[in-house]
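Comments concern the structure below.
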Amino acid sequence: DYFGPITVAAAYVESSKIPLLKELGVRDSKNVKDPEILQIAAQLKHAVPFTLLSLDNVKYNALQSKGMSQGKIKAYLHNLALKKLIEKIQPAIADGVLIDQFAKPDVFFGYLKDQEMFQAKNIYLSTGGESIHVSVAAASIIARAAFVKKCEELSKEAGFVIPKGAGPLVDQAAAKLIQTKGIASLNTFTKQHFANTEKAKKILQKKGISY
């Protein structure tokens, strides 16, 4: 998404808790609407151990401007979330770690070669992780809920509803934000290097609005 933070979560689900999570409605978050995401996440927080990280856009833009790719940023966040969770659940030891794959394994581990990496008995990376194991689906719902809440806060700050994604509605919203809050506000609200920034500027230029 152009607007809002990057949120990453890790969840530890013992096999005995799987039926409970399914009863709560935990499933692939792409198939769950935001109001239900918030409801499920509120219950999940009391059901399983988890860690949640949120990288705001000021920090994201600073890292990106120094040459750090979005993939590397996400790998760092995944690593930190997993390290914190593995420490949190001690003395329990997870049978394995399943990561919802956003980069090929060699690329993912390459991103972390300069980091102290999380330790686990078995490490798996797979696309569609949410449909493979309920733990990934739970983590995704927790992360999505945090993102939705932050977008609600940003909407209040902006004075209008901040759309999700990176499509044409987002371009229009970015143009409106520049017009009402100034170009510098993009650093707080958005991932500035996305193409939406230039598209928003062009919208204002066509209207003859200076920024």
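If you're wondering about the labels, chains in the structure tokens are A, B, ... by order shown, residues count from 1 in each chain, ligands from 1 in order shown.
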Taking only C-alpha atoms into account, produce a table as CSV in which each residue of range 19-42 of chain A with an atom at most 12 Å from an atom of range 123-128 of chain A appears once, together with its shortest atom pair and the distance in Å to one decimal, ordered by chain and rising number.
```
residue,atom,partner,partner_atom,distance
A:Arg27,CA,A:Gly128,CA,11.4
A:Asp28,CA,A:Gly128,CA,8.6
A:Ser29,CA,A:Gly128,CA,10.9
A:Lys30,CA,A:Gly128,CA,10.4
```
Those same residues - all heavy atoms - I'd like them written as a PDB file, in the first residue's frame.
```pdb
ATOM      1  N   ARG A  27      -8.576 -17.423   8.865  1.00  0.00           N
ATOM      2  CA  ARG A  27      -8.369 -17.969   7.519  1.00  0.00           C
ATOM      3  C   ARG A  27      -7.568 -16.947   6.723  1.00  0.00           C
ATOM      4  O   ARG A  27      -7.183 -15.908   7.277  1.00  0.00           O
ATOM      5  CB  ARG A  27      -9.709 -18.267   6.830  1.00  0.00           C
ATOM      6  CG  ARG A  27     -10.647 -17.064   6.724  1.00  0.00           C
ATOM      7  CD  ARG A  27     -12.068 -17.522   6.431  1.00  0.00           C
ATOM      8  NE  ARG A  27     -12.995 -16.431   6.151  1.00  0.00           N
ATOM      9  CZ  ARG A  27     -13.585 -15.691   7.070  1.00  0.00           C
ATOM     10  NH1 ARG A  27     -13.323 -15.877   8.363  1.00  0.00           N
ATOM     11  NH2 ARG A  27     -14.441 -14.739   6.729  1.00  0.00           N
ATOM     12  N   ASP A  28      -7.334 -17.218   5.457  1.00  0.00           N
ATOM     13  CA  ASP A  28      -6.579 -16.313   4.589  1.00  0.00           C
ATOM     14  C   ASP A  28      -7.172 -14.908   4.675  1.00  0.00           C
ATOM     15  O   ASP A  28      -8.343 -14.690   4.332  1.00  0.00           O
ATOM     16  CB  ASP A  28      -6.637 -16.832   3.153  1.00  0.00           C
ATOM     17  CG  ASP A  28      -5.693 -16.085   2.224  1.00  0.00           C
ATOM     18  OD1 ASP A  28      -5.386 -14.912   2.497  1.00  0.00           O
ATOM     19  OD2 ASP A  28      -5.276 -16.677   1.216  1.00  0.00           O
ATOM     20  N   SER A  29      -6.383 -13.941   5.132  1.00  0.00           N
ATOM     21  CA  SER A  29      -6.898 -12.582   5.369  1.00  0.00           C
ATOM     22  C   SER A  29      -7.365 -11.888   4.090  1.00  0.00           C
ATOM     23  O   SER A  29      -8.151 -10.945   4.142  1.00  0.00           O
ATOM     24  CB  SER A  29      -5.840 -11.715   6.069  1.00  0.00           C
ATOM     25  OG  SER A  29      -4.731 -11.504   5.215  1.00  0.00           O
ATOM     26  N   LYS A  30      -6.882 -12.382   2.950  1.00  0.00           N
ATOM     27  CA  LYS A  30      -7.324 -11.779   1.671  1.00  0.00           C
ATOM     28  C   LYS A  30      -8.804 -12.054   1.417  1.00  0.00           C
ATOM     29  O   LYS A  30      -9.429 -11.378   0.613  1.00  0.00           O
ATOM     30  CB  LYS A  30      -6.469 -12.319   0.516  1.00  0.00           C
ATOM     31  CG  LYS A  30      -5.016 -11.847   0.555  1.00  0.00           C
ATOM     32  CD  LYS A  30      -4.224 -12.270  -0.665  1.00  0.00           C
ATOM     33  CE  LYS A  30      -3.857 -13.732  -0.631  1.00  0.00           C
ATOM     34  NZ  LYS A  30      -2.929 -14.093   0.465  1.00  0.00           N
TER      35      LYS A  30
END
```
Exercise. Write out as a ChimeraX atom specification each polymer residue whose atoms come within 6 Å of range 49-63 of chain A, counting only C-alpha atoms; drop sequence neighbours fewer than 3 positions from it.
Key: /A:5-12,66,68,81,85,187-188,190
Using all heavy atoms, can you write the selected residues to a file as a CSV table (one decimal), in the first residue's frame?
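Result went into part-v7.csv, see below:
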```
chain,number,residue,atom,x,y,z
A,5,PRO,N,1.7,2.2,7.2
A,5,PRO,CA,2.9,1.6,7.5
A,5,PRO,C,3.1,0.2,6.9
A,5,PRO,O,2.1,-0.3,6.3
A,5,PRO,CB,2.8,1.5,9.1
A,5,PRO,CG,1.4,1.2,9.3
A,5,PRO,CD,0.6,2.1,8.3
A,6,ILE,N,4.2,-0.4,7.1
A,6,ILE,CA,4.4,-1.8,6.9
A,6,ILE,C,4.2,-2.5,8.2
A,6,ILE,O,4.9,-2.1,9.2
A,6,ILE,CB,5.8,-2.1,6.3
A,6,ILE,CG1,5.9,-1.6,4.9
A,6,ILE,CG2,6.0,-3.7,6.3
A,6,ILE,CD1,7.3,-1.9,4.2
A,7,THR,N,3.3,-3.4,8.3
A,7,THR,CA,3.1,-4.2,9.5
A,7,THR,C,3.5,-5.6,9.3
A,7,THR,O,3.1,-6.2,8.3
A,7,THR,CB,1.7,-4.1,10.0
A,7,THR,OG1,0.8,-4.5,9.0
A,7,THR,CG2,1.3,-2.6,10.4
A,8,VAL,N,4.2,-6.2,10.3
A,8,VAL,CA,4.6,-7.6,10.2
A,8,VAL,C,4.3,-8.3,11.5
A,8,VAL,O,4.6,-7.7,12.6
A,8,VAL,CB,6.2,-7.7,9.9
A,8,VAL,CG1,6.6,-9.1,10.0
A,8,VAL,CG2,6.5,-7.2,8.5
A,9,ALA,N,3.8,-9.5,11.5
A,9,ALA,CA,3.5,-10.2,12.7
A,9,ALA,C,3.9,-11.6,12.6
A,9,ALA,O,4.0,-12.2,11.5
A,9,ALA,CB,2.0,-10.1,13.0
A,10,ALA,N,4.2,-12.2,13.7
A,10,ALA,CA,4.5,-13.7,13.8
A,10,ALA,C,3.6,-14.2,14.9
A,10,ALA,O,3.4,-13.6,16.0
A,10,ALA,CB,6.0,-13.9,14.2
A,11,ALA,N,3.0,-15.4,14.7
A,11,ALA,CA,2.2,-16.0,15.7
A,11,ALA,C,2.6,-17.5,16.0
A,11,ALA,O,3.0,-18.2,15.0
A,11,ALA,CB,0.7,-16.0,15.2
A,12,TYR,N,2.5,-17.9,17.2
A,12,TYR,CA,2.9,-19.2,17.6
A,12,TYR,C,1.6,-20.0,18.0
A,12,TYR,O,0.9,-19.6,18.9
A,12,TYR,CB,3.8,-19.2,18.8
A,12,TYR,CG,4.1,-20.6,19.4
A,12,TYR,CD1,4.7,-21.6,18.6
A,12,TYR,CD2,3.8,-20.9,20.7
A,12,TYR,CE1,4.9,-22.9,19.2
A,12,TYR,CE2,4.0,-22.2,21.3
A,12,TYR,CZ,4.6,-23.1,20.5
A,12,TYR,OH,4.9,-24.4,21.0
A,66,LYS,N,18.2,5.6,1.6
A,66,LYS,CA,19.6,5.2,1.8
A,66,LYS,C,20.0,4.0,0.9
A,66,LYS,O,21.1,3.4,1.0
A,66,LYS,CB,19.9,4.8,3.3
A,66,LYS,CG,19.9,6.0,4.2
A,66,LYS,CD,20.0,5.6,5.7
A,66,LYS,CE,19.9,6.8,6.6
A,66,LYS,NZ,19.9,6.4,8.0
A,68,MET,N,18.0,1.0,0.8
A,68,MET,CA,17.5,-0.3,1.2
A,68,MET,C,16.2,-0.6,0.5
A,68,MET,O,15.3,0.2,0.5
A,68,MET,CB,17.3,-0.3,2.7
A,68,MET,CG,17.0,-1.7,3.3
A,68,MET,SD,16.8,-1.7,5.1
A,68,MET,CE,18.4,-1.5,5.7
A,81,ALA,N,10.7,-10.0,14.1
A,81,ALA,CA,9.4,-10.5,14.7
A,81,ALA,C,9.6,-11.9,15.1
A,81,ALA,O,9.1,-12.3,16.2
A,81,ALA,CB,8.3,-10.4,13.6
A,85,LEU,N,9.5,-13.5,19.0
A,85,LEU,CA,8.5,-14.5,19.3
A,85,LEU,C,9.1,-15.7,19.8
A,85,LEU,O,8.6,-16.3,20.8
A,85,LEU,CB,7.6,-14.8,18.1
A,85,LEU,CG,6.5,-15.8,18.4
A,85,LEU,CD1,5.5,-15.3,19.5
A,85,LEU,CD2,5.7,-16.1,17.1
A,187,ASN,N,5.8,12.4,3.4
A,187,ASN,CA,6.8,11.7,4.1
A,187,ASN,C,6.2,10.9,5.3
A,187,ASN,O,6.7,9.8,5.7
A,187,ASN,CB,7.9,12.6,4.6
A,187,ASN,CG,9.1,11.8,5.2
A,187,ASN,OD1,9.6,10.9,4.5
A,187,ASN,ND2,9.6,12.2,6.3
A,188,THR,N,5.2,11.5,5.9
A,188,THR,CA,4.5,10.9,7.1
A,188,THR,C,3.4,9.9,6.6
A,188,THR,O,3.3,8.8,7.3
A,188,THR,CB,3.9,11.9,8.0
A,188,THR,OG1,4.9,12.9,8.3
A,188,THR,CG2,3.2,11.3,9.2
A,190,THR,N,2.9,8.4,3.4
A,190,THR,CA,3.1,7.6,2.2
A,190,THR,C,4.5,7.0,2.1
A,190,THR,O,5.5,7.4,2.7
A,190,THR,CB,2.8,8.3,0.9
A,190,THR,OG1,3.9,9.2,0.6
A,190,THR,CG2,1.5,9.1,1.0
```
Exercise. With a distance cut-off of 10 Å and only C-alpha atoms, select the neighbouring residues of Phe189 in chain A, excluding the residue or stretch itself and same-chain residues fewer than 3 positions from it, and output the selection as a list in words.
Key: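 Non-adjacent residues within range: Tyr2, Phe3, Gly4, Pro5, Asp56, Asn57, Val58, Cys151, Leu154, Ser155, Glu157, Ala158, Ile162, Ala174, Leu177, Ala184, Ser185, Leu186 and Gln192 of chain A.
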Just-selected residues, N, CA and C atoms written as an mmCIF file, in the first residue's frame:
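Done, and the output landed in again14.cif:
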```cif
data_model
loop_
_atom_site.group_PDB
_atom_site.id
_atom_site.type_symbol
_atom_site.label_atom_id
_atom_site.label_comp_id
_atom_site.auth_asym_id
_atom_site.auth_seq_id
_atom_site.Cartn_x
_atom_site.Cartn_y
_atom_site.Cartn_z
ATOM 1 N N TYR A 2 0.398 2.284 -0.729
ATOM 2 C CA TYR A 2 1.112 3.563 -0.791
ATOM 3 C C TYR A 2 1.006 4.293 0.553
ATOM 4 N N PHE A 3 -0.206 4.351 1.090
ATOM 5 C CA PHE A 3 -0.440 4.978 2.391
ATOM 6 C C PHE A 3 -0.242 3.948 3.508
ATOM 7 N N GLY A 4 0.103 4.437 4.678
ATOM 8 C CA GLY A 4 0.157 3.564 5.853
ATOM 9 C C GLY A 4 1.475 2.838 6.018
ATOM 10 N N PRO A 5 1.656 2.232 7.207
ATOM 11 C CA PRO A 5 2.922 1.587 7.547
ATOM 12 C C PRO A 5 3.058 0.193 6.938
ATOM 13 N N ASP A 56 6.730 2.845 10.501
ATOM 14 C CA ASP A 56 6.024 4.005 9.961
ATOM 15 C C ASP A 56 6.748 4.546 8.732
ATOM 16 N N ASN A 57 6.064 5.409 8.001
ATOM 17 C CA ASN A 57 6.594 5.865 6.716
ATOM 18 C C ASN A 57 7.805 6.782 6.835
ATOM 19 N N VAL A 58 7.913 7.517 7.930
ATOM 20 C CA VAL A 58 9.096 8.379 8.112
ATOM 21 C C VAL A 58 10.353 7.509 8.139
ATOM 22 N N CYS A 151 -4.412 3.192 9.367
ATOM 23 C CA CYS A 151 -5.029 3.921 8.248
ATOM 24 C C CYS A 151 -6.215 4.761 8.733
ATOM 25 N N LEU A 154 -4.664 7.814 10.237
ATOM 26 C CA LEU A 154 -4.190 8.709 9.178
ATOM 27 C C LEU A 154 -5.349 9.428 8.496
ATOM 28 N N SER A 155 -6.472 8.738 8.351
ATOM 29 C CA SER A 155 -7.663 9.345 7.745
ATOM 30 C C SER A 155 -8.160 10.511 8.589
ATOM 31 N N GLU A 157 -6.327 12.270 10.624
ATOM 32 C CA GLU A 157 -5.301 13.319 10.518
ATOM 33 C C GLU A 157 -5.420 14.068 9.186
ATOM 34 N N ALA A 158 -5.731 13.319 8.127
ATOM 35 C CA ALA A 158 -5.837 13.930 6.791
ATOM 36 C C ALA A 158 -7.131 14.725 6.632
ATOM 37 N N ILE A 162 -8.519 7.723 3.796
ATOM 38 C CA ILE A 162 -7.315 7.304 3.073
ATOM 39 C C ILE A 162 -7.594 5.947 2.426
ATOM 40 N N ALA A 174 -3.691 11.215 -2.814
ATOM 41 C CA ALA A 174 -2.364 11.813 -2.620
ATOM 42 C C ALA A 174 -2.348 13.261 -3.100
ATOM 43 N N LEU A 177 -4.090 15.306 -0.563
ATOM 44 C CA LEU A 177 -3.247 15.473 0.623
ATOM 45 C C LEU A 177 -2.197 16.560 0.392
ATOM 46 N N ALA A 184 5.311 18.103 1.870
ATOM 47 C CA ALA A 184 6.116 17.471 2.934
ATOM 48 C C ALA A 184 5.335 16.420 3.706
ATOM 49 N N SER A 185 3.998 16.526 3.680
ATOM 50 C CA SER A 185 3.167 15.568 4.422
ATOM 51 C C SER A 185 3.275 14.146 3.875
ATOM 52 N N LEU A 186 3.704 14.020 2.614
ATOM 53 C CA LEU A 186 3.831 12.688 2.013
ATOM 54 C C LEU A 186 4.808 11.812 2.791
ATOM 55 N N GLN A 192 7.079 7.297 -0.347
ATOM 56 C CA GLN A 192 7.236 8.348 -1.351
ATOM 57 C C GLN A 192 7.786 7.899 -2.700
#
```
Quiz item: Do you have the CA of Leu82 in chain A-CA of Phe118 in chain A distance handy?
Solution: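 Here the two named atoms are 6.3 Å from each other.
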Quiz prompt | Close residues, range 195-199 of chain A itself excluded, 6 Å, only C-alpha atoms, min 2 positions apart in chain, as a PyMOL selection string | solution = chain A and resi 171+201-202
Quiz item: Nearest to Ile37 in chain A among A:Leu20, A:Ile99, A:Ile93, A:Ala143, with distances taken over only C-alpha atoms: which residue is it?
Solution: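 Using only C-alpha atoms, Ile37 in chain A sits closest to A:Ala143.
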Quiz prompt | Spatial neighbours of Gly71 in chain A, max dist 10 Å, only C-alpha atoms, sep filter under 2 positions, as a PyMOL selection string | solution = chain A and resi 68-69+73-77+102-103+107-108+111
Self-check item: DSSP-assigned strand (DSSP E) members of range 69-113 of chain A, reported as a ChimeraX atom specification
Solution: /A:97-100
Self-check item: Pick from A:Val26, A:Ala47, A:Leu21, A:Ala120, whichever lies nearest to Ser140 in chain A using only C-alpha atoms
Solution: A:Val26
Need to verify the contact set: Asn79 in chain A, 9 Å, only C-alpha atoms, exclusion of same-chain residues closer than 5 positions in sequence. Can you return it as a JSON list (two decimals) with C-alpha atoms, in the first residue's frame?
```
[["chain", "number", "residue", "atom", "x", "y", "z"],
["A", 74, "LYS", "CA", 10.55, -6.71, 4.97],
["A", 84, "LYS", "CA", 11.15, -11.77, 19.48],
["A", 112, "LEU", "CA", 19.80, -11.37, 6.38],
["A", 115, "GLN", "CA", 21.92, -9.82, 10.67],
["A", 116, "GLU", "CA", 21.76, -12.16, 13.65],
["A", 117, "MET", "CA", 19.13, -14.53, 12.25],
["A", 118, "PHE", "CA", 16.33, -16.22, 14.18]]
```
Exercise. One decimal, Å: what's the distance from CA of Ala139 in chain A over to CA of Glu153 in chain A, could you say?
Key: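 Spanning CA of Ala139 in chain A to CA of Glu153 in chain A is a straight-line distance of 21.6 Å.
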Quiz item: What is the CA of Ala200 in chain A-CA of Gln172 in chain A distance in Å, reported with one decimal?
Solution: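 Atom-to-atom, CA of Ala200 in chain A to CA of Gln172 in chain A, that is 6.4 Å.
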Exercise. Using only C-alpha atoms, find the one residue out of A:Pro35, A:Gly96, A:Gly208, A:Pro91 that sits nearest to Ser135 in chain A.
Key: A:Gly96
Quiz prompt | Top pick for closest residue to Val161 in chain A, considering A:Ile132, A:Ile89, A:Ile18, A:Ala173 and counting only C-alpha atoms | solution = A:Ala173
Self-check item: Selected residue of minimal separation from Gln39 in chain A among A:Val170, A:Ile203, A:Val148, A:Ile178, counting only C-alpha atoms
Solution: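 Ranking A:Val170, A:Ile203, A:Val148, A:Ile178 by distance to Gln39 in chain A, first place goes to A:Val148.
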Quiz item: Between A:Lys164, A:Lys206, A:Lys149, A:His133, which has the minimum distance to Ala41 in chain A (counting only C-alpha atoms)?
Solution: A:Lys149
Quiz prompt | Which of range 45-164 of chain A fall in alpha helix (DSSP H), as an NGL selection string | solution = :A and (45-47 or 57-65 or 70-88 or 105-111 or 129-132 or 134-158)
